[in-house]
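Everything on this sheet refers to the single structure shown next.
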2 protein chains.
Amino acid sequence: MLSQSVITKLKSICGEKDVITSKIGMYAYGYDGTMLEGSHVGIVFPESTQEVVDLVNFCREQGIAIVPRGAGTNVSGGTLPSDGSIVMNFARMKKLLEIDLENYVAIVEPGVVNWDIQETLAKYGYYYPPDPASWKASTLGGNLGESSGGPKCFKYGVTRDFIYGLEVVLPTGKVIWVGGRDFSSEPMYDLTRILVGSEGTIGFITKAAIRIQPIPEAKRTMLAIFNTPEDASQAVADIVSAGIIPTTLEMMDNLIINTTEDHCGAGNPRDAGALLIIEVDGHPGDLEAQVETIGEVAKKANSKDFKVATSAAEVDKIWLARRVAFGSVARVKPNYGVNDITVPRSNFPKAIAAIEKVKKDFGVTIGTVAHAGDGNLHPLILFDQRNKDEVDSLHAAEMELCRIAIDLEGTISGEHGIGILKKALLPKEFGPVGMDVFKKVKRSFDPQNQFNPGKLIDL
Amino acid sequence: MLSQSVITKLKSICGEKDVITSKIGMYAYGYDGTMLEGSHVGIVFPESTQEVVDLVNFCREQGIAIVPRGAGTNVSGGTLPSDGSIVMNFARMKKLLEIDLENYVAIVEPGVVNWDIQETLAKYGYYYPPDPASWKASTLGGNLGESSGGPKCFKYGVTRDFIYGLEVVLPTGKVIWVGGRDFSSEPMYDLTRILVGSEGTIGFITKAAIRIQPIPEAKRTMLAIFNTPEDASQAVADIVSAGIIPTTLEMMDNLIINTTEDHCGAGNPRDAGALLIIEVDGHPGDLEAQVETIGEVAKKANSKDFKVATSAAEVDKIWLARRVAFGSVARVKPNYGVNDITVPRSNFPKAIAAIEKVKKDFGVTIGTVAHAGDGNLHPLILFDQRNKDEVDSLHAAEMELCRIAIDLEGTISGEHGIGILKKALLPKEFGPVGMDVFKKVKRSFDPQNQFNPGKLIDL
């Protein structure tokens with residue numbers, strides 16, 4: 001518990017209403033998308049970089065750790081508070097400071113919701129490609145912490161690929177600007193890239209220069225239905241081998257097709273083994289040939305059906321099932337564990353086969369949604385958290401999925417981060433030497449382990 | 001000078017013929033593209049990662065610093081040996097280990113020449129976008145050290161943007177693989193990005209997984225001639241504002257137009273203030289509308305002439321002047337200093353105007369070539385190194401150009417690195433806090449300052 005004098009000082013820094021120490025406040029900010037709970041001693045809501053600096057300095061002097069937080073949609077535990085820490089909620093630093101169309105850049109504060117950026121940019125005919133599924137709720141600060149991906153990331157890249165520069169408050173309380181304002185080819189060690197994805201463990205981002213681009217003139221949306229996930233995987237490999245890089249290559253398996261049908265009757269065949277949602281974008285003159293090639297590839301991979309949307313309504317219909325996919329599994333079990341493994345695209349069929357084996361070996365129910373072009377799979381393991389056996393099986397199956405990803409030359413986390421949930425698996429992926437380097441980097445920024453301690457690595 | 005026992009040990013590690021300590025050998029590896037000279041005590045040519053490890057360990061025990069080297073085309077002094085150091089030349093680690101078209105990746109050793117990679121990939125219809133002007137000579141290891149750019153980098157990005165993963169020998173002698181094999185969305189601190197561009201100061205890259213892509217189906221090459229550099233800059237801004245991202249947007253000023261005419265009679269008008277070489281690539285259906293828009297933009301910016309190449313021979317003719325640009329200035333003065341400033345694209349006209357002022361204020365002759373789309377300018381300051389006054393003016397003018405770049409929210413180095421030449425200017429760009437962070441990063445990797453000491457920063 002914080003002493004009254006500490007609370008008074010915190011309030012003097014960021015204002016009476018921007019410090020919460022009530023029990024209900026603790027509860028509200030004690031969890032994230034993992035449904036786990038953490039414990040902490042208070043929440044502060046800075047409204048400026050200077051307030052962040054003052055809070056960081058004061059907390060360092062007091063030996064109080066700080067856990068940064070955006071919308072709390074994080075699914076790996078990165079925003080779960082740790083004992084005795086203060087939660088620093090960036091929700092009130094939510095200004096879209098500047099849109100500079102000439103240089104294709106926008107300057108934003110970390111508390112802006114991804115979707116709000118998109119809506120504003122759309123008025124000018126621009127957008128910011130990284131589009132995590134949580135984009136209507138998640139903040140850019142959270143996206144930066146996790147280096148979030150999304151359906152469009154196959155063609156365009158993840159959050160890391162769209163950041164020109166950052167204003168960062170370091171654990172020393174000093175403020176630096178890393179990277180450029182509208183170009184990324186800076187000399188020296190590229191600190192932008194280690195800060196993005198660092199889950200608030202080495203610096204708190206207070207401004208970001210994000211790369212924006214004109215909305216493509218045209219897009220085409222396709223739906224291909226397959227008898228088996230193997231056929232769908234083959235189509236994915238063949239589309240890319242044909243030299244086409246779709247914006248989106250989303251896969252859903254039979255279980256997800258059925259839960260989404262139950263949920264909203266999207267109109268997909270319940271006996272399909274898998275479906276692919278494929279989108280290409282670019283100049284209008286470009287797209288017909290690509291659509292034709294993709295149709296041929298799907299046919300060659302034994303598609304049962306292949307549709308090209310001819311209206312906005314048909315596009316929405318194709319996307320409907322994918323949009324409700326995560327929520328729809330609640331019809332089978334009350335809880336699900338999202339996995340986030342990524343493998344080289346050529347190993348995608350092997351990953352699909354391995355997931356089938358995990359189902360049998362661990363007796364778990366899995367529905368898989370995948371950003372297939374990136375080799376990024378989200379096998380959702382369905383369970384009931386009131387059932388200890390199911391929880392145990394969940395954890396065992398999750399460990400096995402990560403082991404499979406590493407065996408297939410992949411990674412345990414493509415876009416959801418490490419947080420606390422996957423921390424134990426990191427040494428398997430990076431080895432003792434890699435872990436040692438990570439620790440040295442963390443220590444060089446944050447020797448007192450004040451920033452989001454216990455996330456990513458233990459010192 | 002190395003003792004006989006040290007030489008014997010070095011030879012036992014990498015073989016008799018792979019260690020040079022002769023005077024002529026010292027001379028041959030004592031300089032780089034800056035035309036400065038460094039001093040060192042020997043050259044080793046490892047042929048495998050294990051040899052690199054053994055050399056690093058032995059040299060560390062002996063307190064000998066190591067300066068990595070590729071083809072030595074570096075223009076910022078990053079490969080200049082430092083007193084008492086050993087040069088580690090990676091020229092014999094030049095295997096193209098694997099081309100994996102399915103995953104769009106090639107695995108290469110650092111000694112492979114960029115051009116050799118391109119020629120091999122072209123047989124399969126693929127290429128690796130970063131194309132520094134030195135590509136027929138420079139090695140991928142050197143490109144990685146500097147995070148080299150090139151004409152195609154406006155659309156596609158610099159070296160940093162094309163590296164999935166790296167095998168790295170650390171100053172501890174340990175070997176790590178950082179990044180993925182064919183995806184870049186790894187969790188944890190993104191070490192790939194701090195290693196690329198680190199000029200061999202924190203690790204030696206022994207393998208790289210580079211991102212390759214299919215050669216675009218079509219391209220169109222255009223030449224626009226303008227009365228003034230200001231008009232050309234306006235056209236650059238307007239092309240991008242029109243939502244077009246050309247592959248290439250190269251600018252040459254009047255002086256360079258004239259030296260290239262003297263050199264090879266490329267056929268450009270000697271009274272032109274500037275020319276732009278513009279290339280767009282993509283699907284064939286896509287390009288006509290872009291060519292038309294670019295033609296209209298050029299006209300609006302008062303172009304004197306606008307040509308679209310209709311044959312491979314015409315494309316070559318358009319590129320001829322640009323290809324010989326750097327060499328052609330020898331007709332005016334025997335030496336030139338390459339500058340490498342980058343500014344936000346919207347400040348490009350201001351940078352062009354500022355270069356004009358530098359010419360007058362410092363009495364120097366400058367010819368400017370620019371990757372205008374990136375805002376990356378190479379003002380070549382022509383001088384005679386036998387004339388002390390000219391050398392002094394050169395240095396003063398170079399400092400002024402860097403100051404201008406920083407004032408215009410840019411960077412002192414877009415693609416040529418820092419090495420030793422620009423080291424003194426770094427604090428102006430990054431400030432004391434930034435420099436402190438860089439030093440901490442360097443120390444966390446290389447506490448003994450064994451890897452390329454004295455480059456980038458002094459500890």
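Each chain in the structure tokens gets a letter, A, B, ..., in the order shown, and its residues are numbered from 1; ligands are numbered from 1 in order too.
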
inquiry  = Please check the contacts: residues of chain A at most 7 Å away from chain B, using only C-alpha atoms, listed as a PyMOL selection string.
reply    = chain A and resi 102-103+158+174+176+182-183+185-191+193-194+197-198+214+241+243+283+285-286+344-346+411+413-415+417-418+433-434+438+440-441+444

query = Per DSSP on the backbone, what are the helix (DSSP H, G or I) residues of region 110-325 of chain A, as an NGL selection string?
reply = :A and (114-122 or 140-146 or 153-156 or 159-162 or 191-195 or 229-241 or 254-264 or 284-300 or 312-325)

Non-local contacts of region 26-33 of chain A (10 Å; only C-alpha atoms; under 3 positions in same chain excluded) as a ChimeraX atom specification = /A:20-23,36-43,69-82,86-89,338

Take the residues from that selection and write them out as a PDB file, in the first residue's frame, keeping N, CA and C atoms.
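Result file is again37.pdb:
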ATOM      1  N   ILE A  20      -5.388   6.941  -8.805  1.00  0.00           N
ATOM      2  CA  ILE A  20      -6.436   6.107  -8.204  1.00  0.00           C
ATOM      3  C   ILE A  20      -5.779   5.097  -7.271  1.00  0.00           C
ATOM      4  N   THR A  21      -6.282   5.025  -6.042  1.00  0.00           N
ATOM      5  CA  THR A  21      -5.748   4.012  -5.117  1.00  0.00           C
ATOM      6  C   THR A  21      -6.880   3.250  -4.432  1.00  0.00           C
ATOM      7  N   SER A  22      -8.097   3.443  -4.945  1.00  0.00           N
ATOM      8  CA  SER A  22      -9.237   2.742  -4.342  1.00  0.00           C
ATOM      9  C   SER A  22      -9.220   1.266  -4.716  1.00  0.00           C
ATOM     10  N   LYS A  23      -9.919   0.462  -3.922  1.00  0.00           N
ATOM     11  CA  LYS A  23      -9.953  -0.983  -4.156  1.00  0.00           C
ATOM     12  C   LYS A  23     -10.571  -1.300  -5.513  1.00  0.00           C
ATOM     13  N   LEU A  36      -5.983 -13.318 -16.379  1.00  0.00           N
ATOM     14  CA  LEU A  36      -5.251 -13.495 -15.121  1.00  0.00           C
ATOM     15  C   LEU A  36      -5.383 -12.198 -14.324  1.00  0.00           C
ATOM     16  N   GLU A  37      -5.009 -12.254 -13.059  1.00  0.00           N
ATOM     17  CA  GLU A  37      -5.068 -11.040 -12.257  1.00  0.00           C
ATOM     18  C   GLU A  37      -3.707 -10.730 -11.659  1.00  0.00           C
ATOM     19  N   GLY A  38      -3.396  -9.474 -11.575  1.00  0.00           N
ATOM     20  CA  GLY A  38      -2.160  -9.054 -10.921  1.00  0.00           C
ATOM     21  C   GLY A  38      -2.506  -8.150  -9.755  1.00  0.00           C
ATOM     22  N   SER A  39      -1.503  -7.841  -8.933  1.00  0.00           N
ATOM     23  CA  SER A  39      -1.784  -6.942  -7.819  1.00  0.00           C
ATOM     24  C   SER A  39      -0.873  -5.723  -7.904  1.00  0.00           C
ATOM     25  N   HIS A  40      -1.399  -4.600  -7.497  1.00  0.00           N
ATOM     26  CA  HIS A  40      -0.615  -3.372  -7.577  1.00  0.00           C
ATOM     27  C   HIS A  40      -1.058  -2.410  -6.493  1.00  0.00           C
ATOM     28  N   VAL A  41      -0.448  -1.240  -6.434  1.00  0.00           N
ATOM     29  CA  VAL A  41      -0.738  -0.334  -5.324  1.00  0.00           C
ATOM     30  C   VAL A  41      -1.377   0.986  -5.760  1.00  0.00           C
ATOM     31  N   GLY A  42      -1.570   1.164  -7.076  1.00  0.00           N
ATOM     32  CA  GLY A  42      -2.198   2.403  -7.515  1.00  0.00           C
ATOM     33  C   GLY A  42      -2.097   2.572  -9.014  1.00  0.00           C
ATOM     34  N   ILE A  43      -2.899   3.502  -9.512  1.00  0.00           N
ATOM     35  CA  ILE A  43      -2.888   3.767 -10.956  1.00  0.00           C
ATOM     36  C   ILE A  43      -2.688   5.263 -11.144  1.00  0.00           C
ATOM     37  N   ARG A  69       0.388   0.670 -19.320  1.00  0.00           N
ATOM     38  CA  ARG A  69      -0.872   0.056 -19.732  1.00  0.00           C
ATOM     39  C   ARG A  69      -1.575   0.921 -20.772  1.00  0.00           C
ATOM     40  N   GLY A  70      -2.145   0.253 -21.786  1.00  0.00           N
ATOM     41  CA  GLY A  70      -2.975   0.961 -22.749  1.00  0.00           C
ATOM     42  C   GLY A  70      -4.416   0.554 -22.492  1.00  0.00           C
ATOM     43  N   ALA A  71      -5.008  -0.184 -23.445  1.00  0.00           N
ATOM     44  CA  ALA A  71      -6.393  -0.599 -23.268  1.00  0.00           C
ATOM     45  C   ALA A  71      -6.502  -1.941 -22.535  1.00  0.00           C
ATOM     46  N   GLY A  72      -5.370  -2.573 -22.271  1.00  0.00           N
ATOM     47  CA  GLY A  72      -5.401  -3.839 -21.536  1.00  0.00           C
ATOM     48  C   GLY A  72      -5.902  -5.020 -22.349  1.00  0.00           C
ATOM     49  N   THR A  73      -5.818  -4.939 -23.676  1.00  0.00           N
ATOM     50  CA  THR A  73      -6.304  -6.056 -24.506  1.00  0.00           C
ATOM     51  C   THR A  73      -5.248  -7.139 -24.712  1.00  0.00           C
ATOM     52  N   ASN A  74      -4.047  -6.850 -24.259  1.00  0.00           N
ATOM     53  CA  ASN A  74      -2.907  -7.765 -24.257  1.00  0.00           C
ATOM     54  C   ASN A  74      -3.282  -9.205 -23.868  1.00  0.00           C
ATOM     55  N   VAL A  75      -2.827 -10.174 -24.654  1.00  0.00           N
ATOM     56  CA  VAL A  75      -3.181 -11.570 -24.343  1.00  0.00           C
ATOM     57  C   VAL A  75      -1.992 -12.403 -23.865  1.00  0.00           C
ATOM     58  N   SER A  76      -0.887 -11.756 -23.515  1.00  0.00           N
ATOM     59  CA  SER A  76       0.253 -12.528 -23.006  1.00  0.00           C
ATOM     60  C   SER A  76       0.668 -12.099 -21.600  1.00  0.00           C
ATOM     61  N   GLY A  77      -0.108 -11.219 -20.998  1.00  0.00           N
ATOM     62  CA  GLY A  77       0.181 -10.838 -19.612  1.00  0.00           C
ATOM     63  C   GLY A  77       1.159  -9.696 -19.459  1.00  0.00           C
ATOM     64  N   GLY A  78       1.494  -9.046 -20.542  1.00  0.00           N
ATOM     65  CA  GLY A  78       2.479  -7.962 -20.477  1.00  0.00           C
ATOM     66  C   GLY A  78       2.020  -6.760 -19.675  1.00  0.00           C
ATOM     67  N   THR A  79       0.699  -6.580 -19.574  1.00  0.00           N
ATOM     68  CA  THR A  79       0.184  -5.432 -18.820  1.00  0.00           C
ATOM     69  C   THR A  79      -0.308  -5.814 -17.429  1.00  0.00           C
ATOM     70  N   LEU A  80      -0.136  -7.078 -17.055  1.00  0.00           N
ATOM     71  CA  LEU A  80      -0.547  -7.471 -15.701  1.00  0.00           C
ATOM     72  C   LEU A  80       0.364  -6.788 -14.691  1.00  0.00           C
ATOM     73  N   PRO A  81      -0.229  -6.110 -13.705  1.00  0.00           N
ATOM     74  CA  PRO A  81       0.637  -5.459 -12.717  1.00  0.00           C
ATOM     75  C   PRO A  81       1.391  -6.484 -11.868  1.00  0.00           C
ATOM     76  N   SER A  82       2.528  -6.061 -11.369  1.00  0.00           N
ATOM     77  CA  SER A  82       3.307  -6.935 -10.496  1.00  0.00           C
ATOM     78  C   SER A  82       3.253  -6.371  -9.083  1.00  0.00           C
ATOM     79  N   ILE A  86       3.125   0.355  -9.522  1.00  0.00           N
ATOM     80  CA  ILE A  86       2.107   1.325  -9.919  1.00  0.00           C
ATOM     81  C   ILE A  86       1.798   1.086 -11.397  1.00  0.00           C
ATOM     82  N   VAL A  87       0.521   1.115 -11.743  1.00  0.00           N
ATOM     83  CA  VAL A  87       0.123   1.023 -13.151  1.00  0.00           C
ATOM     84  C   VAL A  87       0.132   2.429 -13.743  1.00  0.00           C
ATOM     85  N   MET A  88       0.855   2.580 -14.865  1.00  0.00           N
ATOM     86  CA  MET A  88       0.829   3.865 -15.546  1.00  0.00           C
ATOM     87  C   MET A  88      -0.044   3.723 -16.783  1.00  0.00           C
ATOM     88  N   ASN A  89      -1.228   4.318 -16.697  1.00  0.00           N
ATOM     89  CA  ASN A  89      -2.197   4.178 -17.776  1.00  0.00           C
ATOM     90  C   ASN A  89      -2.071   5.375 -18.722  1.00  0.00           C
ATOM     91  N   VAL A 338      -5.381 -18.273 -26.487  1.00  0.00           N
ATOM     92  CA  VAL A 338      -4.932 -17.904 -27.839  1.00  0.00           C
ATOM     93  C   VAL A 338      -3.463 -18.254 -27.954  1.00  0.00           C
TER      94      VAL A 338
END

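Near Val315 (chain B), within 12 Å and counting only C-alpha atoms, sit Lys219, Arg220, Thr221, Met222, Leu223, Ala266, Ile277, Ile278, Glu279, Lys307, Val308, Ala309, Thr310, Leu320, Ala321 and Arg322 of chain B; same-chain residues fewer than 5 positions away were not included.
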
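Between CA of Leu421 (chain B) and CA of His378 (chain B) the separation is 15.2 Å.
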
request  = Find the residues around Phe58 (chain B) up to 10 Å (only C-alpha atoms counted), leave out those fewer than 4 positions away in its own chain, and share them as number ranges by chain.
outcome  = B: 6, 9-10, 13, 52-54, 62-64, 173

Write a file of the selected residues as a PDB file, in the first residue's frame, keeping all heavy atoms.
ATOM      1  N   VAL B   6      52.289 -15.062 -31.845  1.00  0.00           N
ATOM      2  CA  VAL B   6      50.907 -14.682 -32.168  1.00  0.00           C
ATOM      3  C   VAL B   6      50.608 -15.021 -33.632  1.00  0.00           C
ATOM      4  O   VAL B   6      49.557 -15.595 -33.952  1.00  0.00           O
ATOM      5  CB  VAL B   6      50.672 -13.167 -31.891  1.00  0.00           C
ATOM      6  CG1 VAL B   6      49.358 -12.706 -32.499  1.00  0.00           C
ATOM      7  CG2 VAL B   6      50.682 -12.906 -30.399  1.00  0.00           C
ATOM      8  N   LYS B   9      50.034 -18.647 -34.020  1.00  0.00           N
ATOM      9  CA  LYS B   9      48.713 -19.061 -33.534  1.00  0.00           C
ATOM     10  C   LYS B   9      47.617 -18.665 -34.535  1.00  0.00           C
ATOM     11  O   LYS B   9      46.701 -19.458 -34.824  1.00  0.00           O
ATOM     12  CB  LYS B   9      48.452 -18.396 -32.164  1.00  0.00           C
ATOM     13  CG  LYS B   9      47.082 -18.669 -31.576  1.00  0.00           C
ATOM     14  CD  LYS B   9      46.850 -20.125 -31.196  1.00  0.00           C
ATOM     15  CE  LYS B   9      45.448 -20.334 -30.670  1.00  0.00           C
ATOM     16  NZ  LYS B   9      45.106 -21.734 -30.443  1.00  0.00           N
ATOM     17  N   LEU B  10      47.713 -17.448 -35.060  1.00  0.00           N
ATOM     18  CA  LEU B  10      46.717 -17.009 -36.046  1.00  0.00           C
ATOM     19  C   LEU B  10      46.704 -17.961 -37.238  1.00  0.00           C
ATOM     20  O   LEU B  10      45.645 -18.366 -37.736  1.00  0.00           O
ATOM     21  CB  LEU B  10      47.017 -15.571 -36.525  1.00  0.00           C
ATOM     22  CG  LEU B  10      46.849 -14.444 -35.499  1.00  0.00           C
ATOM     23  CD1 LEU B  10      47.345 -13.119 -36.067  1.00  0.00           C
ATOM     24  CD2 LEU B  10      45.389 -14.317 -35.047  1.00  0.00           C
ATOM     25  N   ILE B  13      44.996 -21.118 -36.643  1.00  0.00           N
ATOM     26  CA  ILE B  13      43.527 -21.025 -36.646  1.00  0.00           C
ATOM     27  C   ILE B  13      42.979 -20.991 -38.076  1.00  0.00           C
ATOM     28  O   ILE B  13      42.079 -21.755 -38.413  1.00  0.00           O
ATOM     29  CB  ILE B  13      43.045 -19.749 -35.893  1.00  0.00           C
ATOM     30  CG1 ILE B  13      43.359 -19.864 -34.400  1.00  0.00           C
ATOM     31  CG2 ILE B  13      41.539 -19.530 -36.099  1.00  0.00           C
ATOM     32  CD1 ILE B  13      43.111 -18.586 -33.603  1.00  0.00           C
ATOM     33  N   VAL B  52      36.166 -17.611 -37.270  1.00  0.00           N
ATOM     34  CA  VAL B  52      35.900 -16.273 -36.725  1.00  0.00           C
ATOM     35  C   VAL B  52      35.874 -16.340 -35.196  1.00  0.00           C
ATOM     36  O   VAL B  52      36.498 -15.529 -34.505  1.00  0.00           O
ATOM     37  CB  VAL B  52      34.568 -15.695 -37.268  1.00  0.00           C
ATOM     38  CG1 VAL B  52      34.245 -14.361 -36.595  1.00  0.00           C
ATOM     39  CG2 VAL B  52      34.626 -15.525 -38.781  1.00  0.00           C
ATOM     40  N   VAL B  53      35.169 -17.346 -34.680  1.00  0.00           N
ATOM     41  CA  VAL B  53      35.082 -17.511 -33.221  1.00  0.00           C
ATOM     42  C   VAL B  53      36.471 -17.675 -32.617  1.00  0.00           C
ATOM     43  O   VAL B  53      36.833 -17.001 -31.635  1.00  0.00           O
ATOM     44  CB  VAL B  53      34.211 -18.746 -32.881  1.00  0.00           C
ATOM     45  CG1 VAL B  53      34.340 -19.118 -31.405  1.00  0.00           C
ATOM     46  CG2 VAL B  53      32.755 -18.484 -33.240  1.00  0.00           C
ATOM     47  N   ASP B  54      37.281 -18.558 -33.209  1.00  0.00           N
ATOM     48  CA  ASP B  54      38.614 -18.816 -32.653  1.00  0.00           C
ATOM     49  C   ASP B  54      39.491 -17.566 -32.708  1.00  0.00           C
ATOM     50  O   ASP B  54      40.242 -17.279 -31.775  1.00  0.00           O
ATOM     51  CB  ASP B  54      39.280 -19.979 -33.397  1.00  0.00           C
ATOM     52  CG  ASP B  54      38.558 -21.306 -33.144  1.00  0.00           C
ATOM     53  OD1 ASP B  54      37.766 -21.382 -32.171  1.00  0.00           O
ATOM     54  OD2 ASP B  54      38.756 -22.263 -33.932  1.00  0.00           O
ATOM     55  N   GLN B  62      44.520 -11.814 -26.167  1.00  0.00           N
ATOM     56  CA  GLN B  62      45.761 -11.071 -26.409  1.00  0.00           C
ATOM     57  C   GLN B  62      45.568  -9.551 -26.326  1.00  0.00           C
ATOM     58  O   GLN B  62      46.532  -8.804 -26.494  1.00  0.00           O
ATOM     59  CB  GLN B  62      46.291 -11.410 -27.818  1.00  0.00           C
ATOM     60  CG  GLN B  62      46.658 -12.872 -28.025  1.00  0.00           C
ATOM     61  CD  GLN B  62      47.933 -13.248 -27.278  1.00  0.00           C
ATOM     62  OE1 GLN B  62      48.864 -12.466 -27.204  1.00  0.00           O
ATOM     63  NE2 GLN B  62      47.943 -14.442 -26.689  1.00  0.00           N
ATOM     64  N   GLY B  63      44.312  -9.133 -26.155  1.00  0.00           N
ATOM     65  CA  GLY B  63      44.063  -7.682 -26.118  1.00  0.00           C
ATOM     66  C   GLY B  63      44.213  -7.016 -27.481  1.00  0.00           C
ATOM     67  O   GLY B  63      44.537  -5.832 -27.572  1.00  0.00           O
ATOM     68  N   ILE B  64      43.988  -7.790 -28.541  1.00  0.00           N
ATOM     69  CA  ILE B  64      44.113  -7.232 -29.893  1.00  0.00           C
ATOM     70  C   ILE B  64      42.729  -6.874 -30.432  1.00  0.00           C
ATOM     71  O   ILE B  64      41.822  -7.709 -30.421  1.00  0.00           O
ATOM     72  CB  ILE B  64      44.784  -8.250 -30.851  1.00  0.00           C
ATOM     73  CG1 ILE B  64      46.191  -8.626 -30.351  1.00  0.00           C
ATOM     74  CG2 ILE B  64      44.857  -7.690 -32.277  1.00  0.00           C
ATOM     75  CD1 ILE B  64      46.820  -9.796 -31.099  1.00  0.00           C
ATOM     76  N   GLY B 173      32.859 -14.219 -28.151  1.00  0.00           N
ATOM     77  CA  GLY B 173      33.196 -15.425 -28.902  1.00  0.00           C
ATOM     78  C   GLY B 173      32.010 -16.377 -29.050  1.00  0.00           C
ATOM     79  O   GLY B 173      32.101 -17.410 -29.696  1.00  0.00           O
TER      80      GLY B 173
END

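One distance worth recording is that between CA of Pro151 (chain A) and CA of Asp384 (chain A), which is 28.2 Å.
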
key: Those of region 334-391 of chain B in DSSP strand (DSSP E or B), formatted as a VMD selection string   = chain B and resid 335 to 338 341 to 342 365 to 371 376 to 383

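Near Ala397 (chain B), within a cut-off of 9 Å and counting only C-alpha atoms, sit the residues B:Val358, B:Lys359, B:Asp361, B:Phe362, B:Gly363, B:Val364, B:Ile381, with same-chain residues fewer than 6 positions away left out.
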
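Comparing A:Gly150, A:Pro379, A:Gly373, A:Gly337 by their smallest distance to Leu394 (chain A), the closest is A:Gly337 (using only C-alpha atoms).
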